[in-house]
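Enquirer: Let me give you the structure first, and then I'll get to my questions.
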Number of protein chains: 4
Amino acid sequence: MNSNFPARNPDFEAVVRESFARQPMMSTLGAELVRVAPGAVDVAFAHAAAFTQQNGFLHAGALTSIADSACGYAAFTLAVPDTDVLAVEFKINLLAPARAPRYVAEARVLRPGRTLTVCRADVFGEEGGGRTLVATMLSTIITRKAGIA
Amino acid sequence: MNSNFPARNPDFEAVVRESFARQPMMSTLGAELVRVAPGAVDVAFAHAAAFTQQNGFLHAGALTSIADSACGYAAFTLAVPDTDVLAVEFKINLLAPARAPRYVAEARVLRPGRTLTVCRADVFGEEGGGRTLVATMLSTIITRKAGIA
Amino acid sequence: MNSNFPARNPDFEAVVRESFARQPMMSTLGAELVRVAPGAVDVAFAHAAAFTQQNGFLHAGALTSIADSACGYAAFTLAVPDTDVLAVEFKINLLAPARAPRYVAEARVLRPGRTLTVCRADVFGEEGGGRTLVATMLSTIITRKAGIA
Amino acid sequence: MNSNFPARNPDFEAVVRESFARQPMMSTLGAELVRVAPGAVDVAFAHAAAFTQQNGFLHAGALTSIADSACGYAAFTLAVPDTDVLAVEFKINLLAPARAPRYVAEARVLRPGRTLTVCRADVFGEEGGGRTLVATMLSTIITRKAGIA
């Protein structure tokens, strides 16, 4: 899945990395940015018992947190300066039990816009050199002037 | 929003409470079960800085985790004995910035089924005696025999 | 399900009815507006063989068309003058086979906004004095200045 | 977008084409099957005034009908004999105004299953040799024994 949209802020990568670093939820989950390109952001994180459900699998909410942040930052790579992004809504399908040691959420912009941007994210479980698609998200993000609560 | 579906497991409340107590994700978030009735489960939790995004609001993933668990357990109240529930998919709309001191996710079964159950959850921020609808989820849950991974 | 939002256009009902009358899709389906109130629109239509799927049930796309229009017009009842509405996205759960002689989609605004409005619609099959919930939709609608393509 | 899942019914193509031919909704819309392969179904149709909304664009419900049928039949290509498929739910994002002379919905299976299959469909508007992504759907389909209403 590729994105061919041009960045409209030359500092997009620094802006994305700075915002990600300020997200307590991402550090709580131990997530890290592993790719930042125009229209494309990948976020990785390791399995941790603290975020599992009753059967030992990763909780859907943890997968969702990562996929949601990846989508938001993918949209943010294409935003003009002095804006902020916020998720309007998303849907996620959970495709396989999440019990891999490591996960990567790969978010791509499907349709960029001044106001609304639509992103898709696939979340893969990685284990022993192989990867399995464990979830897929479709998300709508709104871009607003920075500083508006 | 009420649910008028009969429980098919006389021990439904004990089964739900026992499973919830075994969810590390719920204790990590500091969530608690505040209502367990046939077709209806409410989950409450307090705002915590560890689960916020870059602007200090609660991360959408935290709201989603709570709403998802509330939906799953609402479905579980109507399940037959010796089964387990798993989210197939859900959609959530984020309706207002989440910066209340306390939240309650109220999940209700819309359509129970042997295999698939559909639930809705409204998440309210509570502050100073008032409440605001901050998110709403629509979720599909599958019921399976217990012990199948 | 009630809506307590005030209309911002005193002519909202006339504007909604005039727009609905100009929707070829609604007349093709034989749909009619049966309620127009601030934040609430109901659309009814009769079963017709032309819109069924391979088993004789109403096609999900027909139910969706009606629910989508009901949501759009529910949002439109709360819009300021000289605007237009457009669906950004929606999700629908199909809850029961659709084989009733008549259907009503009841759309309600959950969260009105200058730019984005979120609506829910429940679609009921009506037969012999009874009604069954056959589908439920959660939808995001954008309001724009009229005349922008 | 490719699908690499094997068909489990050697007659999958005939079964899909026969079922599609029995869908009154598809003939009402003037839709045709343009690709049937394991895990992949494309459905094309021409713009028609009867299915437009108030601004002359194709109604979201018409796009949805085509994408929904494409997803259902994509799932059906991987089903075992003597089964039927039914949409459980779907979400669609409308990405651009739909005013092309011709559309193609390309559905692919993301995750096949005995009970539940998840599909994605992209809908393109085609005009003068070019194509624009106008909508994308994420859908959950259930497979059941044939003849169960």
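Scheme for the structure tokens: letters A, B, ... for chains in order shown; per-chain residue numbers from 1; ligand numbers from 1 in order shown.
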For the reference chain B, what are the coordinates of chain D after least-squares fitting (all Cα, in-order pairing), as a CSV table (one decimal) with N, CA and C atoms, in the first residue's frame?

Expert:
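So selection.csv came out as:
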chain,number,residue,atom,x,y,z
D,1,MET,N,-31.7,4.1,27.1
D,1,MET,CA,-31.5,2.9,26.3
D,1,MET,C,-31.7,1.6,27.2
D,2,ASN,N,-32.7,0.9,26.9
D,2,ASN,CA,-32.9,-0.3,27.7
D,2,ASN,C,-32.7,-1.6,26.9
D,3,SER,N,-32.5,-2.7,27.6
D,3,SER,CA,-32.4,-4.0,26.9
D,3,SER,C,-33.5,-4.9,27.6
D,4,ASN,N,-34.2,-5.6,26.8
D,4,ASN,CA,-35.2,-6.5,27.3
D,4,ASN,C,-35.0,-7.9,27.0
D,5,PHE,N,-33.8,-8.3,26.9
D,5,PHE,CA,-33.5,-9.7,26.5
D,5,PHE,C,-33.2,-10.5,27.7
D,6,PRO,N,-33.7,-11.8,27.8
D,6,PRO,CA,-33.5,-12.6,29.0
D,6,PRO,C,-32.1,-13.2,29.0
D,7,ALA,N,-31.5,-13.4,30.1
D,7,ALA,CA,-30.2,-14.1,30.3
D,7,ALA,C,-30.5,-15.6,30.1
D,8,ARG,N,-29.5,-16.3,29.4
D,8,ARG,CA,-29.7,-17.7,29.2
D,8,ARG,C,-28.7,-18.5,30.2
D,9,ASN,N,-28.0,-17.8,31.0
D,9,ASN,CA,-27.1,-18.4,32.0
D,9,ASN,C,-27.4,-17.8,33.3
D,10,PRO,N,-28.0,-18.6,34.2
D,10,PRO,CA,-28.4,-18.0,35.5
D,10,PRO,C,-27.2,-17.3,36.3
D,11,ASP,N,-26.0,-17.8,36.0
D,11,ASP,CA,-24.8,-17.2,36.6
D,11,ASP,C,-24.2,-16.1,35.8
D,12,PHE,N,-24.9,-15.5,35.0
D,12,PHE,CA,-24.3,-14.5,34.0
D,12,PHE,C,-23.5,-13.4,34.8
D,13,GLU,N,-24.0,-12.9,35.9
D,13,GLU,CA,-23.3,-11.9,36.6
D,13,GLU,C,-21.9,-12.3,37.1
D,14,ALA,N,-21.9,-13.5,37.7
D,14,ALA,CA,-20.7,-14.0,38.3
D,14,ALA,C,-19.7,-14.2,37.2
D,15,VAL,N,-20.2,-14.8,36.1
D,15,VAL,CA,-19.3,-15.1,34.9
D,15,VAL,C,-18.7,-13.8,34.3
D,16,VAL,N,-19.5,-12.8,34.2
D,16,VAL,CA,-19.0,-11.5,33.7
D,16,VAL,C,-18.0,-10.9,34.6
D,17,ARG,N,-18.3,-10.9,35.9
D,17,ARG,CA,-17.4,-10.2,36.9
D,17,ARG,C,-16.1,-11.0,37.0
D,18,GLU,N,-16.2,-12.3,36.9
D,18,GLU,CA,-14.9,-13.1,37.0
D,18,GLU,C,-14.0,-12.8,35.8
D,19,SER,N,-14.7,-12.8,34.6
D,19,SER,CA,-13.9,-12.5,33.4
D,19,SER,C,-13.3,-11.1,33.4
D,20,PHE,N,-14.1,-10.1,33.7
D,20,PHE,CA,-13.6,-8.7,33.8
D,20,PHE,C,-12.4,-8.6,34.7
D,21,ALA,N,-12.5,-9.3,35.9
D,21,ALA,CA,-11.4,-9.3,36.9
D,21,ALA,C,-10.1,-9.9,36.3
D,22,ARG,N,-10.2,-10.7,35.3
D,22,ARG,CA,-9.1,-11.3,34.6
D,22,ARG,C,-8.5,-10.5,33.5
D,23,GLN,N,-9.1,-9.3,33.2
D,23,GLN,CA,-8.6,-8.5,32.0
D,23,GLN,C,-7.5,-7.6,32.5
D,24,PRO,N,-6.3,-7.8,32.3
D,24,PRO,CA,-5.2,-6.9,32.7
D,24,PRO,C,-5.5,-5.5,32.1
D,25,MET,N,-6.0,-5.4,30.9
D,25,MET,CA,-6.2,-4.1,30.3
D,25,MET,C,-7.1,-3.2,31.1
D,26,MET,N,-8.1,-3.8,31.7
D,26,MET,CA,-9.1,-3.1,32.5
D,26,MET,C,-8.4,-2.6,33.8
D,27,SER,N,-7.6,-3.4,34.4
D,27,SER,CA,-7.0,-2.9,35.7
D,27,SER,C,-5.9,-1.9,35.3
D,28,THR,N,-5.2,-2.1,34.2
D,28,THR,CA,-4.2,-1.1,33.8
D,28,THR,C,-4.9,0.3,33.6
D,29,LEU,N,-6.1,0.3,33.0
D,29,LEU,CA,-6.8,1.6,32.8
D,29,LEU,C,-7.5,2.0,34.1
D,30,GLY,N,-7.6,1.2,35.1
D,30,GLY,CA,-8.3,1.5,36.4
D,30,GLY,C,-9.8,1.5,36.2
D,31,ALA,N,-10.3,0.7,35.3
D,31,ALA,CA,-11.7,0.6,35.0
D,31,ALA,C,-12.5,-0.3,35.9
D,32,GLU,N,-13.7,0.0,36.2
D,32,GLU,CA,-14.5,-0.9,37.0
D,32,GLU,C,-15.9,-1.1,36.5
D,33,LEU,N,-16.5,-2.3,36.7
D,33,LEU,CA,-17.8,-2.6,36.3
D,33,LEU,C,-18.8,-1.9,37.3
D,34,VAL,N,-19.7,-1.1,36.8
D,34,VAL,CA,-20.6,-0.4,37.7
D,34,VAL,C,-22.1,-0.9,37.4
D,35,ARG,N,-22.3,-1.7,36.4
D,35,ARG,CA,-23.6,-2.3,36.1
D,35,ARG,C,-23.5,-3.5,35.3
D,36,VAL,N,-24.2,-4.6,35.8
D,36,VAL,CA,-24.2,-5.9,35.1
D,36,VAL,C,-25.6,-6.4,35.1
D,37,ALA,N,-26.3,-6.3,34.0
D,37,ALA,CA,-27.7,-6.7,33.9
D,37,ALA,C,-27.9,-7.4,32.6
D,38,PRO,N,-28.9,-8.2,32.4
D,38,PRO,CA,-29.1,-8.9,31.1
D,38,PRO,C,-29.1,-7.9,29.9
D,39,GLY,N,-28.1,-8.0,29.1
D,39,GLY,CA,-28.0,-7.1,27.9
D,39,GLY,C,-27.5,-5.7,28.2
D,40,ALA,N,-27.0,-5.5,29.4
D,40,ALA,CA,-26.6,-4.1,29.7
D,40,ALA,C,-25.4,-4.2,30.7
D,41,VAL,N,-24.3,-3.5,30.3
D,41,VAL,CA,-23.1,-3.4,31.1
D,41,VAL,C,-22.6,-2.0,31.1
D,42,ASP,N,-22.3,-1.4,32.2
D,42,ASP,CA,-21.7,-0.1,32.3
D,42,ASP,C,-20.3,-0.3,32.9
D,43,VAL,N,-19.3,0.4,32.3
D,43,VAL,CA,-17.9,0.4,32.8
D,43,VAL,C,-17.5,1.9,33.1
D,44,ALA,N,-17.0,2.1,34.2
D,44,ALA,CA,-16.5,3.5,34.6
D,44,ALA,C,-15.0,3.5,34.7
D,45,PHE,N,-14.4,4.7,34.5
D,45,PHE,CA,-13.0,4.9,34.8
D,45,PHE,C,-12.7,6.4,34.9
D,46,ALA,N,-11.6,6.6,35.6
D,46,ALA,CA,-11.2,8.0,35.9
D,46,ALA,C,-10.2,8.5,34.8
D,47,HIS,N,-10.2,9.7,34.5
D,47,HIS,CA,-9.1,10.3,33.7
D,47,HIS,C,-7.8,10.1,34.3
D,48,ALA,N,-6.8,9.7,33.5
D,48,ALA,CA,-5.4,9.5,34.0
D,48,ALA,C,-4.5,10.0,32.9
D,49,ALA,N,-3.5,10.8,33.3
D,49,ALA,CA,-2.6,11.4,32.3
D,49,ALA,C,-1.8,10.4,31.5
D,50,ALA,N,-1.7,9.2,32.0
D,50,ALA,CA,-0.9,8.2,31.2
D,50,ALA,C,-1.6,7.8,29.9
D,51,PHE,N,-2.9,8.0,29.8
D,51,PHE,CA,-3.7,7.6,28.6
D,51,PHE,C,-4.2,8.8,27.8
D,52,THR,N,-3.5,9.9,27.8
D,52,THR,CA,-3.9,11.1,27.1
D,52,THR,C,-3.1,11.1,25.7
D,53,GLN,N,-3.6,12.0,24.9
D,53,GLN,CA,-2.9,12.3,23.6
D,53,GLN,C,-2.1,13.6,23.7
D,54,GLN,N,-1.7,14.2,22.6
D,54,GLN,CA,-0.8,15.3,22.7
D,54,GLN,C,-1.4,16.6,23.2
D,55,ASN,N,-2.7,16.7,23.3
D,55,ASN,CA,-3.3,17.9,23.8
D,55,ASN,C,-3.9,17.8,25.2
D,56,GLY,N,-3.6,16.6,25.9
D,56,GLY,CA,-4.1,16.4,27.2
D,56,GLY,C,-5.5,15.8,27.3
D,57,PHE,N,-6.1,15.6,26.2
D,57,PHE,CA,-7.4,14.9,26.2
D,57,PHE,C,-7.1,13.4,26.3
D,58,LEU,N,-8.2,12.7,26.7
D,58,LEU,CA,-8.0,11.2,26.8
D,58,LEU,C,-7.8,10.7,25.3
D,59,HIS,N,-6.9,9.8,25.2
D,59,HIS,CA,-6.7,9.2,23.8
D,59,HIS,C,-7.9,8.4,23.4
D,60,ALA,N,-8.2,8.5,22.1
D,60,ALA,CA,-9.4,7.8,21.6
D,60,ALA,C,-9.2,6.3,21.9
D,61,GLY,N,-8.0,5.8,21.9
D,61,GLY,CA,-7.8,4.4,22.2
D,61,GLY,C,-8.2,4.0,23.6
D,62,ALA,N,-8.1,4.9,24.5
D,62,ALA,CA,-8.6,4.6,25.9
D,62,ALA,C,-10.1,4.5,26.0
D,63,LEU,N,-10.7,5.5,25.4
D,63,LEU,CA,-12.2,5.5,25.3
D,63,LEU,C,-12.7,4.2,24.6
D,64,THR,N,-12.0,3.9,23.5
D,64,THR,CA,-12.4,2.7,22.7
D,64,THR,C,-12.2,1.4,23.5
D,65,SER,N,-11.1,1.3,24.3
D,65,SER,CA,-10.9,0.1,25.1
D,65,SER,C,-12.1,-0.1,26.1
D,66,ILE,N,-12.5,0.9,26.7
D,66,ILE,CA,-13.6,0.8,27.7
D,66,ILE,C,-14.9,0.5,27.0
D,67,ALA,N,-15.2,1.2,25.9
D,67,ALA,CA,-16.4,0.9,25.2
D,67,ALA,C,-16.4,-0.5,24.6
D,68,ASP,N,-15.3,-1.0,24.1
D,68,ASP,CA,-15.2,-2.3,23.5
D,68,ASP,C,-15.4,-3.4,24.6
D,69,SER,N,-14.8,-3.2,25.8
D,69,SER,CA,-15.0,-4.2,26.9
D,69,SER,C,-16.5,-4.1,27.3
D,70,ALA,N,-17.0,-2.9,27.4
D,70,ALA,CA,-18.4,-2.9,27.9
D,70,ALA,C,-19.3,-3.6,26.9
D,71,CYS,N,-19.1,-3.4,25.6
D,71,CYS,CA,-19.9,-4.1,24.6
D,71,CYS,C,-19.7,-5.6,24.7
D,72,GLY,N,-18.5,-6.1,24.8
D,72,GLY,CA,-18.2,-7.5,24.9
D,72,GLY,C,-18.9,-8.1,26.1
D,73,TYR,N,-18.9,-7.4,27.2
D,73,TYR,CA,-19.5,-8.0,28.4
D,73,TYR,C,-21.0,-7.9,28.4
D,74,ALA,N,-21.5,-6.9,27.7
D,74,ALA,CA,-23.0,-6.8,27.5
D,74,ALA,C,-23.5,-8.0,26.7
D,75,ALA,N,-22.7,-8.4,25.6
D,75,ALA,CA,-23.0,-9.6,24.9
D,75,ALA,C,-22.9,-10.8,25.7
D,76,PHE,N,-21.9,-10.8,26.6
D,76,PHE,CA,-21.6,-12.0,27.4
D,76,PHE,C,-22.7,-12.2,28.4
D,77,THR,N,-23.4,-11.2,28.9
D,77,THR,CA,-24.5,-11.4,29.8
D,77,THR,C,-25.6,-12.3,29.2
D,78,LEU,N,-25.7,-12.3,27.9
D,78,LEU,CA,-26.8,-13.1,27.2
D,78,LEU,C,-26.3,-14.4,26.7
D,79,ALA,N,-25.0,-14.8,26.9
D,79,ALA,CA,-24.5,-16.0,26.3
D,79,ALA,C,-24.9,-17.2,27.1
D,80,VAL,N,-24.9,-18.4,26.4
D,80,VAL,CA,-25.1,-19.6,27.2
D,80,VAL,C,-23.8,-20.0,27.9
D,81,PRO,N,-23.9,-20.9,28.9
D,81,PRO,CA,-22.8,-21.3,29.7
D,81,PRO,C,-21.7,-21.9,28.8
D,82,ASP,N,-20.4,-21.8,29.3
D,82,ASP,CA,-19.3,-22.4,28.6
D,82,ASP,C,-19.0,-21.8,27.2
D,83,THR,N,-19.2,-20.5,27.1
D,83,THR,CA,-18.8,-19.9,25.9
D,83,THR,C,-17.9,-18.7,26.2
D,84,ASP,N,-17.3,-18.1,25.2
D,84,ASP,CA,-16.5,-16.9,25.4
D,84,ASP,C,-16.9,-15.9,24.3
D,85,VAL,N,-16.6,-14.7,24.4
D,85,VAL,CA,-17.0,-13.7,23.4
D,85,VAL,C,-15.7,-13.0,22.9
D,86,LEU,N,-15.8,-12.5,21.7
D,86,LEU,CA,-14.7,-11.9,21.0
D,86,LEU,C,-15.2,-10.8,20.1
D,87,ALA,N,-14.6,-9.6,20.1
D,87,ALA,CA,-15.1,-8.5,19.2
D,87,ALA,C,-14.7,-8.9,17.8
D,88,VAL,N,-15.6,-8.8,16.8
D,88,VAL,CA,-15.4,-9.0,15.4
D,88,VAL,C,-14.9,-7.7,14.8
D,89,GLU,N,-15.6,-6.7,15.2
D,89,GLU,CA,-15.3,-5.3,14.6
D,89,GLU,C,-16.1,-4.3,15.4
D,90,PHE,N,-15.7,-3.1,15.3
D,90,PHE,CA,-16.5,-2.0,15.9
D,90,PHE,C,-16.2,-0.7,15.1
D,91,LYS,N,-17.1,0.3,15.2
D,91,LYS,CA,-16.9,1.6,14.8
D,91,LYS,C,-17.2,2.5,15.9
D,92,ILE,N,-16.4,3.6,16.1
D,92,ILE,CA,-16.7,4.5,17.1
D,92,ILE,C,-16.6,6.0,16.5
D,93,ASN,N,-17.6,6.8,16.9
D,93,ASN,CA,-17.5,8.2,16.6
D,93,ASN,C,-17.2,9.0,17.9
D,94,LEU,N,-16.2,9.9,17.7
D,94,LEU,CA,-15.7,10.7,18.8
D,94,LEU,C,-16.4,12.0,18.7
D,95,LEU,N,-17.3,12.3,19.7
D,95,LEU,CA,-18.3,13.4,19.5
D,95,LEU,C,-17.9,14.7,20.2
D,96,ALA,N,-17.0,14.6,21.2
D,96,ALA,CA,-16.6,15.8,21.9
D,96,ALA,C,-15.2,15.6,22.5
D,97,PRO,N,-14.4,16.6,22.8
D,97,PRO,CA,-13.1,16.4,23.4
D,97,PRO,C,-13.3,15.7,24.8
D,98,ALA,N,-12.4,14.7,25.0
D,98,ALA,CA,-12.6,13.9,26.3
D,98,ALA,C,-11.7,14.5,27.3
D,99,ARG,N,-12.2,15.4,28.2
D,99,ARG,CA,-11.4,15.9,29.3
D,99,ARG,C,-12.1,16.0,30.6
D,100,ALA,N,-13.0,15.1,30.8
D,100,ALA,CA,-13.8,15.0,32.0
D,100,ALA,C,-13.0,14.2,33.1
D,101,PRO,N,-13.3,14.4,34.4
D,101,PRO,CA,-12.5,13.7,35.4
D,101,PRO,C,-13.0,12.2,35.4
D,102,ARG,N,-14.2,11.9,34.9
D,102,ARG,CA,-14.7,10.5,35.0
D,102,ARG,C,-15.5,10.2,33.8
D,103,TYR,N,-15.5,8.9,33.3
D,103,TYR,CA,-16.2,8.5,32.2
D,103,TYR,C,-17.0,7.2,32.5
D,104,VAL,N,-18.1,7.1,31.8
D,104,VAL,CA,-18.9,5.8,31.9
D,104,VAL,C,-19.3,5.4,30.5
D,105,ALA,N,-19.0,4.2,30.2
D,105,ALA,CA,-19.4,3.6,28.9
D,105,ALA,C,-20.6,2.7,29.2
D,106,GLU,N,-21.7,3.0,28.6
D,106,GLU,CA,-22.9,2.2,28.8
D,106,GLU,C,-23.3,1.4,27.5
D,107,ALA,N,-23.1,0.1,27.7
D,107,ALA,CA,-23.3,-0.8,26.5
D,107,ALA,C,-24.6,-1.5,26.6
D,108,ARG,N,-25.3,-1.6,25.5
D,108,ARG,CA,-26.6,-2.3,25.4
D,108,ARG,C,-26.6,-3.2,24.2
D,109,VAL,N,-27.2,-4.4,24.4
D,109,VAL,CA,-27.4,-5.3,23.3
D,109,VAL,C,-28.5,-4.8,22.4
D,110,LEU,N,-28.3,-4.7,21.1
D,110,LEU,CA,-29.3,-4.3,20.2
D,110,LEU,C,-30.0,-5.6,19.6
D,111,ARG,N,-29.1,-6.6,19.4
D,111,ARG,CA,-29.6,-7.8,18.7
D,111,ARG,C,-28.8,-9.0,19.2
D,112,PRO,N,-29.3,-9.8,20.1
D,112,PRO,CA,-28.6,-11.0,20.6
D,112,PRO,C,-28.7,-12.1,19.6
D,113,GLY,N,-27.7,-13.0,19.5
D,113,GLY,CA,-27.7,-14.1,18.6
D,113,GLY,C,-26.8,-15.2,19.1
D,114,ARG,N,-27.1,-16.5,18.7
D,114,ARG,CA,-26.3,-17.6,19.1
D,114,ARG,C,-24.8,-17.4,18.6
D,115,THR,N,-24.7,-16.9,17.4
D,115,THR,CA,-23.3,-16.7,16.9
D,115,THR,C,-22.9,-15.2,17.0
D,116,LEU,N,-23.7,-14.3,16.5
D,116,LEU,CA,-23.3,-12.9,16.5
D,116,LEU,C,-24.3,-12.0,17.3
D,117,THR,N,-23.7,-11.1,18.1
D,117,THR,CA,-24.5,-10.2,18.9
D,117,THR,C,-24.0,-8.8,18.5
D,118,VAL,N,-25.0,-7.9,18.4
D,118,VAL,CA,-24.7,-6.5,18.0
D,118,VAL,C,-25.0,-5.6,19.2
D,119,CYS,N,-24.0,-4.8,19.6
D,119,CYS,CA,-24.2,-3.9,20.8
D,119,CYS,C,-23.9,-2.4,20.4
D,120,ARG,N,-24.4,-1.6,21.2
D,120,ARG,CA,-24.2,-0.1,21.0
D,120,ARG,C,-23.6,0.3,22.4
D,121,ALA,N,-22.7,1.2,22.4
D,121,ALA,CA,-22.2,1.8,23.7
D,121,ALA,C,-22.1,3.3,23.5
D,122,ASP,N,-22.6,4.0,24.5
D,122,ASP,CA,-22.5,5.5,24.6
D,122,ASP,C,-21.5,5.7,25.7
D,123,VAL,N,-20.5,6.6,25.5
D,123,VAL,CA,-19.5,6.9,26.5
D,123,VAL,C,-19.8,8.4,26.9
D,124,PHE,N,-20.0,8.6,28.2
D,124,PHE,CA,-20.3,9.9,28.8
D,124,PHE,C,-19.1,10.4,29.6
D,125,GLY,N,-18.8,11.7,29.5
D,125,GLY,CA,-17.9,12.3,30.4
D,125,GLY,C,-18.7,12.9,31.5
D,126,GLU,N,-18.3,12.7,32.8
D,126,GLU,CA,-19.1,13.2,33.9
D,126,GLU,C,-18.3,14.2,34.7
D,127,GLU,N,-18.9,15.3,35.0
D,127,GLU,CA,-18.2,16.4,35.7
D,127,GLU,C,-19.2,17.3,36.4
D,128,GLY,N,-19.0,17.5,37.7
D,128,GLY,CA,-19.9,18.4,38.5
D,128,GLY,C,-21.4,18.1,38.4
D,129,GLY,N,-21.7,16.9,38.4
D,129,GLY,CA,-23.2,16.5,38.3
D,129,GLY,C,-23.7,16.5,36.9
D,130,GLY,N,-23.0,16.9,35.9
D,130,GLY,CA,-23.5,16.9,34.5
D,130,GLY,C,-22.8,15.8,33.7
D,131,ARG,N,-23.3,15.5,32.6
D,131,ARG,CA,-22.7,14.5,31.7
D,131,ARG,C,-22.8,14.9,30.3
D,132,THR,N,-21.8,14.6,29.5
D,132,THR,CA,-21.7,14.9,28.1
D,132,THR,C,-21.4,13.6,27.3
D,133,LEU,N,-22.1,13.4,26.2
D,133,LEU,CA,-21.9,12.3,25.3
D,133,LEU,C,-20.6,12.5,24.6
D,134,VAL,N,-19.5,11.8,24.8
D,134,VAL,CA,-18.2,12.0,24.2
D,134,VAL,C,-17.9,11.0,23.0
D,135,ALA,N,-18.6,9.9,23.1
D,135,ALA,CA,-18.3,8.9,22.0
D,135,ALA,C,-19.5,7.9,21.9
D,136,THR,N,-19.7,7.3,20.7
D,136,THR,CA,-20.7,6.3,20.6
D,136,THR,C,-20.1,5.2,19.7
D,137,MET,N,-20.3,3.9,20.1
D,137,MET,CA,-19.8,2.8,19.4
D,137,MET,C,-20.9,1.8,18.9
D,138,LEU,N,-20.6,1.2,17.8
D,138,LEU,CA,-21.5,0.2,17.3
D,138,LEU,C,-20.6,-1.0,17.0
D,139,SER,N,-20.9,-2.2,17.6
D,139,SER,CA,-20.0,-3.3,17.7
D,139,SER,C,-20.6,-4.6,17.4
D,140,THR,N,-19.9,-5.5,16.7
D,140,THR,CA,-20.3,-6.9,16.4
D,140,THR,C,-19.4,-7.9,17.2
D,141,ILE,N,-20.1,-8.8,18.0
D,141,ILE,CA,-19.4,-9.7,18.8
D,141,ILE,C,-19.7,-11.1,18.5
D,142,ILE,N,-18.7,-12.0,18.5
D,142,ILE,CA,-19.0,-13.4,18.2
D,142,ILE,C,-18.9,-14.2,19.5
D,143,THR,N,-19.8,-15.1,19.7
D,143,THR,CA,-19.8,-16.1,20.8
D,143,THR,C,-19.3,-17.4,20.3
D,144,ARG,N,-18.3,-17.9,21.1
D,144,ARG,CA,-17.7,-19.2,20.7
D,144,ARG,C,-17.7,-20.1,21.9
D,145,LYS,N,-17.5,-21.4,21.7
D,145,LYS,CA,-17.3,-22.3,22.8
D,145,LYS,C,-16.1,-21.9,23.6
D,146,ALA,N,-16.1,-22.0,24.9
D,146,ALA,CA,-14.9,-21.6,25.7
D,146,ALA,C,-13.8,-22.5,25.4
D,147,GLY,N,-12.5,-22.0,25.4
D,147,GLY,CA,-11.4,-22.8,25.3
D,147,GLY,C,-10.8,-22.9,23.9
D,148,ILE,N,-11.6,-22.4,22.9
D,148,ILE,CA,-11.1,-22.3,21.5
D,148,ILE,C,-10.3,-21.1,21.3
D,149,ALA,N,-9.0,-21.2,21.0
D,149,ALA,CA,-8.2,-20.0,20.8
D,149,ALA,C,-8.5,-19.5,19.4

Enquirer: Looking only at strand (DSSP E) from DSSP on the backbone, list the matching residues of range 13-109 of chain C as a VMD selection string.

Expert: chain C and resid 32 to 37 40 to 46 83 to 94 102 to 109
